[in-house]
Amino acid sequence: MDKIILLLLSMFGMYLTMHDNLFLVCLYLSIIYSGVNYYLIIQDKNDLSMKPSDKSSWFAFILELIVCIPALVFPPAVVILPLVMYDMTRSRNYIGFLLSVMAFINTALTIGKDDSKVTIYILLYTLTLSALSILMSIKTERSDKTYQELKRVRDDDAEVNTRLRLQNNELLNARDTEIHNAQLAERNRIAREIHDNVGHMLSRALLQMGALLSIHKEEPIHSQLEGVRETLDTAMNNIRSSVHDLHDDSIDVKANIIQMAKPLEDSYKVNLDIDISDDMPRNIKYACIGITKECISNIIKHSHNKNVDISLSEHPSFYQLVIHDYGSRNDKTVTITGKNAGMGLENIRSRVESVNGSLNISTSQGFRVFVSIPK
């Protein structure tokens, strides 16, 4: 916008000092120069040094000097200097400023001569326009710097907010994990207390009731004692079921797998990816933990590789467990049979079969255990 305003004001000076083809040539050259130099000058120069830093700034620097030279030998060309001085202020072209001053002095010396086309009024107009162009250039440069600083502050503020949000999420997740672990520990304690106290007392009551039934076989006492024994037996089964439910809820599959994988971290790069819900059935929990434990034990004993992937994910109709110990071996698929499989692999097969799952073990790019368990 500054360049357009200066170009329009300079056109008025050109119109007063030039005519016909000379006016058009000077006008077109001014437009071309302004457009080219706009893209060549470094817009974020922060100091007052005259140090072109790349080819573009060097080209702009030289172009400004070339445009100043005609004003030294042809006084009417002084009217294009305001455009040049706007760019020279941005590029810190002090040599160009010196040439411009010399051009103004030379033009002033020609005023009053018969062949002079520049009057004192045109010279004063050009000087005023040059001073205005310098002020506009300085103001625009300061505005650009202020805008860049505001953008930097805004970006820094957004980055800080993002970092704080992530830290807040981590704190919330840590708090939720701590609460969940505390709940699981409390459930374990309650289950243990019921099992050790109430369960034992009911077991003793059942034994005592059995002894009474063997002693008192006459009716109606025997039937009444039998009813009490059935009530105690029902209570015992209900308590046993409640204890198992509490204990099952306290099994955190993810925490168990993470804990089992810790010994691998000393010698391997472990990539854990566990995405399951809390309502996984008890038998599947035990199966996944047992399979993972067996695989980790085999990796520690037999593997010479460096990367291990452990993935447990839940899909709409099945659970998928993949344990991959990377390495370079011949591609083949291992078929597990009772004769060919080792004790560890046979244990894995048994656990998979216990939950009606499917098992595939391959040695393509390492040892890979792939387990799929239907819901």
# chains A, B, ... in the order shown; residues from 1 in each chain; ligands from 1

call {"tool": "select_by_dssp", "arguments": {"residues": "stretch 154-302 of chain A", "states": "strand (DSSP E)", "output": "PyMOL selection string"}}
result
chain A and resi 269-275

call {"tool": "write_last_selection", "arguments": {"atoms": "all heavy atoms", "output": "PDB file, in the first residue's frame"}}
result
ATOM      1  N   LYS A 269      14.210 -53.013  23.575  1.00  0.00           N
ATOM      2  CA  LYS A 269      13.337 -51.861  23.372  1.00  0.00           C
ATOM      3  C   LYS A 269      11.911 -52.392  23.290  1.00  0.00           C
ATOM      4  O   LYS A 269      11.514 -53.022  22.307  1.00  0.00           O
ATOM      5  CB  LYS A 269      13.704 -51.122  22.078  1.00  0.00           C
ATOM      6  CG  LYS A 269      12.838 -49.902  21.817  1.00  0.00           C
ATOM      7  CD  LYS A 269      13.234 -49.216  20.531  1.00  0.00           C
ATOM      8  CE  LYS A 269      12.343 -48.000  20.280  1.00  0.00           C
ATOM      9  NZ  LYS A 269      12.682 -47.330  18.998  1.00  0.00           N
ATOM     10  N   VAL A 270      11.114 -52.141  24.326  1.00  0.00           N
ATOM     11  CA  VAL A 270       9.785 -52.730  24.463  1.00  0.00           C
ATOM     12  C   VAL A 270       8.732 -51.710  24.041  1.00  0.00           C
ATOM     13  O   VAL A 270       8.726 -50.567  24.499  1.00  0.00           O
ATOM     14  CB  VAL A 270       9.529 -53.184  25.915  1.00  0.00           C
ATOM     15  CG1 VAL A 270       8.158 -53.836  26.014  1.00  0.00           C
ATOM     16  CG2 VAL A 270      10.617 -54.149  26.365  1.00  0.00           C
ATOM     17  N   ASN A 271       7.839 -52.149  23.166  1.00  0.00           N
ATOM     18  CA  ASN A 271       6.729 -51.303  22.727  1.00  0.00           C
ATOM     19  C   ASN A 271       5.424 -51.945  23.205  1.00  0.00           C
ATOM     20  O   ASN A 271       5.018 -52.990  22.697  1.00  0.00           O
ATOM     21  CB  ASN A 271       6.727 -51.170  21.198  1.00  0.00           C
ATOM     22  CG  ASN A 271       5.583 -50.311  20.709  1.00  0.00           C
ATOM     23  OD1 ASN A 271       5.137 -49.400  21.402  1.00  0.00           O
ATOM     24  ND2 ASN A 271       5.094 -50.598  19.521  1.00  0.00           N
ATOM     25  N   LEU A 272       4.790 -51.335  24.196  1.00  0.00           N
ATOM     26  CA  LEU A 272       3.551 -51.849  24.776  1.00  0.00           C
ATOM     27  C   LEU A 272       2.354 -51.098  24.220  1.00  0.00           C
ATOM     28  O   LEU A 272       2.353 -49.866  24.166  1.00  0.00           O
ATOM     29  CB  LEU A 272       3.569 -51.707  26.302  1.00  0.00           C
ATOM     30  CG  LEU A 272       4.452 -52.670  27.091  1.00  0.00           C
ATOM     31  CD1 LEU A 272       4.468 -52.278  28.554  1.00  0.00           C
ATOM     32  CD2 LEU A 272       3.965 -54.096  26.940  1.00  0.00           C
ATOM     33  N   ASP A 273       1.342 -51.850  23.790  1.00  0.00           N
ATOM     34  CA  ASP A 273       0.109 -51.240  23.292  1.00  0.00           C
ATOM     35  C   ASP A 273      -1.065 -52.058  23.829  1.00  0.00           C
ATOM     36  O   ASP A 273      -1.400 -53.116  23.285  1.00  0.00           O
ATOM     37  CB  ASP A 273       0.111 -51.231  21.756  1.00  0.00           C
ATOM     38  CG  ASP A 273      -1.120 -50.533  21.197  1.00  0.00           C
ATOM     39  OD1 ASP A 273      -1.819 -49.872  21.988  1.00  0.00           O
ATOM     40  OD2 ASP A 273      -1.383 -50.653  19.984  1.00  0.00           O
ATOM     41  N   ILE A 274      -1.689 -51.578  24.906  1.00  0.00           N
ATOM     42  CA  ILE A 274      -2.763 -52.316  25.573  1.00  0.00           C
ATOM     43  C   ILE A 274      -4.025 -51.450  25.564  1.00  0.00           C
ATOM     44  O   ILE A 274      -4.026 -50.350  26.115  1.00  0.00           O
ATOM     45  CB  ILE A 274      -2.373 -52.686  27.017  1.00  0.00           C
ATOM     46  CG1 ILE A 274      -1.078 -53.509  27.015  1.00  0.00           C
ATOM     47  CG2 ILE A 274      -3.495 -53.453  27.696  1.00  0.00           C
ATOM     48  CD1 ILE A 274      -0.541 -53.804  28.388  1.00  0.00           C
ATOM     49  N   ASP A 275      -5.052 -51.946  24.913  1.00  0.00           N
ATOM     50  CA  ASP A 275      -6.307 -51.192  24.793  1.00  0.00           C
ATOM     51  C   ASP A 275      -7.471 -52.155  25.013  1.00  0.00           C
ATOM     52  O   ASP A 275      -7.974 -52.770  24.075  1.00  0.00           O
ATOM     53  CB  ASP A 275      -6.387 -50.541  23.418  1.00  0.00           C
ATOM     54  CG  ASP A 275      -7.623 -49.672  23.259  1.00  0.00           C
ATOM     55  OD1 ASP A 275      -8.245 -49.362  24.294  1.00  0.00           O
ATOM     56  OD2 ASP A 275      -7.985 -49.329  22.121  1.00  0.00           O
TER      57      ASP A 275
END

call {"tool": "residues_around", "arguments": {"residues": "A:Gly357", "least_positions_apart": "3", "cutoff": "7 Å", "atoms": "only C-alpha atoms", "output": "list of chain:residue names"}}
result
A:Val352, A:Glu353, A:Val371, A:Ser372, A:Ile373, A:Pro374

call {"tool": "write_last_selection", "arguments": {"atoms": "N, CA, C and O atoms", "output": "PDB file, in the first residue's frame"}}
result
ATOM      1  N   VAL A 352      -4.737 -71.065  25.476  1.00  0.00           N
ATOM      2  CA  VAL A 352      -5.559 -70.564  24.363  1.00  0.00           C
ATOM      3  C   VAL A 352      -6.776 -71.462  24.173  1.00  0.00           C
ATOM      4  O   VAL A 352      -7.901 -70.981  23.964  1.00  0.00           O
ATOM      5  N   GLU A 353      -6.579 -72.761  24.230  1.00  0.00           N
ATOM      6  CA  GLU A 353      -7.703 -73.689  24.066  1.00  0.00           C
ATOM      7  C   GLU A 353      -8.713 -73.564  25.202  1.00  0.00           C
ATOM      8  O   GLU A 353      -9.915 -73.787  25.000  1.00  0.00           O
ATOM      9  N   VAL A 371      -2.553 -64.481  19.057  1.00  0.00           N
ATOM     10  CA  VAL A 371      -3.656 -65.151  19.739  1.00  0.00           C
ATOM     11  C   VAL A 371      -4.939 -64.357  19.487  1.00  0.00           C
ATOM     12  O   VAL A 371      -4.965 -63.131  19.656  1.00  0.00           O
ATOM     13  N   SER A 372      -5.990 -65.055  19.108  1.00  0.00           N
ATOM     14  CA  SER A 372      -7.302 -64.441  18.939  1.00  0.00           C
ATOM     15  C   SER A 372      -8.296 -65.188  19.816  1.00  0.00           C
ATOM     16  O   SER A 372      -8.440 -66.412  19.716  1.00  0.00           O
ATOM     17  N   ILE A 373      -9.019 -64.443  20.688  1.00  0.00           N
ATOM     18  CA  ILE A 373      -9.931 -65.052  21.655  1.00  0.00           C
ATOM     19  C   ILE A 373     -11.322 -64.465  21.429  1.00  0.00           C
ATOM     20  O   ILE A 373     -11.510 -63.249  21.544  1.00  0.00           O
ATOM     21  N   PRO A 374     -12.307 -65.279  21.105  1.00  0.00           N
ATOM     22  CA  PRO A 374     -13.663 -64.759  20.899  1.00  0.00           C
ATOM     23  C   PRO A 374     -14.297 -64.294  22.209  1.00  0.00           C
ATOM     24  O   PRO A 374     -13.970 -64.808  23.282  1.00  0.00           O
TER      25      PRO A 374
END

call {"tool": "closest_residue", "arguments": {"among": "A:Trp58, A:Tyr268, A:Phe370, A:Tyr326", "to": "A:Ile291", "atoms": "only C-alpha atoms"}}
result
A:Phe370

call {"tool": "closest_residue", "arguments": {"among": "A:Lys3, A:Pro70, A:Tyr28, A:Met102", "to": "A:Pro82", "atoms": "only C-alpha atoms"}}
result
A:Lys3

call {"tool": "select_by_dssp", "arguments": {"residues": "stretch 258-311 of chain A", "states": "alpha helix (DSSP H)", "output": "ChimeraX atom specification"}}
result
/A:258-261,282-302

call {"tool": "residues_around", "arguments": {"residues": "A:Lys301", "least_positions_apart": "5", "cutoff": "12 Å", "atoms": "only C-alpha atoms", "output": "PyMOL selection string"}}
result
chain A and resi 263-264+267+294-296+344

call {"tool": "closest_residue", "arguments": {"among": "A:Ile289, A:Leu129, A:Cys68, A:Ile348", "to": "A:Leu8", "atoms": "only C-alpha atoms"}}
result
A:Leu129

call {"tool": "residues_around", "arguments": {"residues": "A:Leu225", "least_positions_apart": "4", "cutoff": "10 Å", "atoms": "only C-alpha atoms", "output": "count of residues only"}}
result
12

call {"tool": "closest_residue", "arguments": {"among": "A:Arg240, A:Val322, A:Arg165, A:Ile310", "to": "A:Ile258", "atoms": "only C-alpha atoms"}}
result
A:Ile310
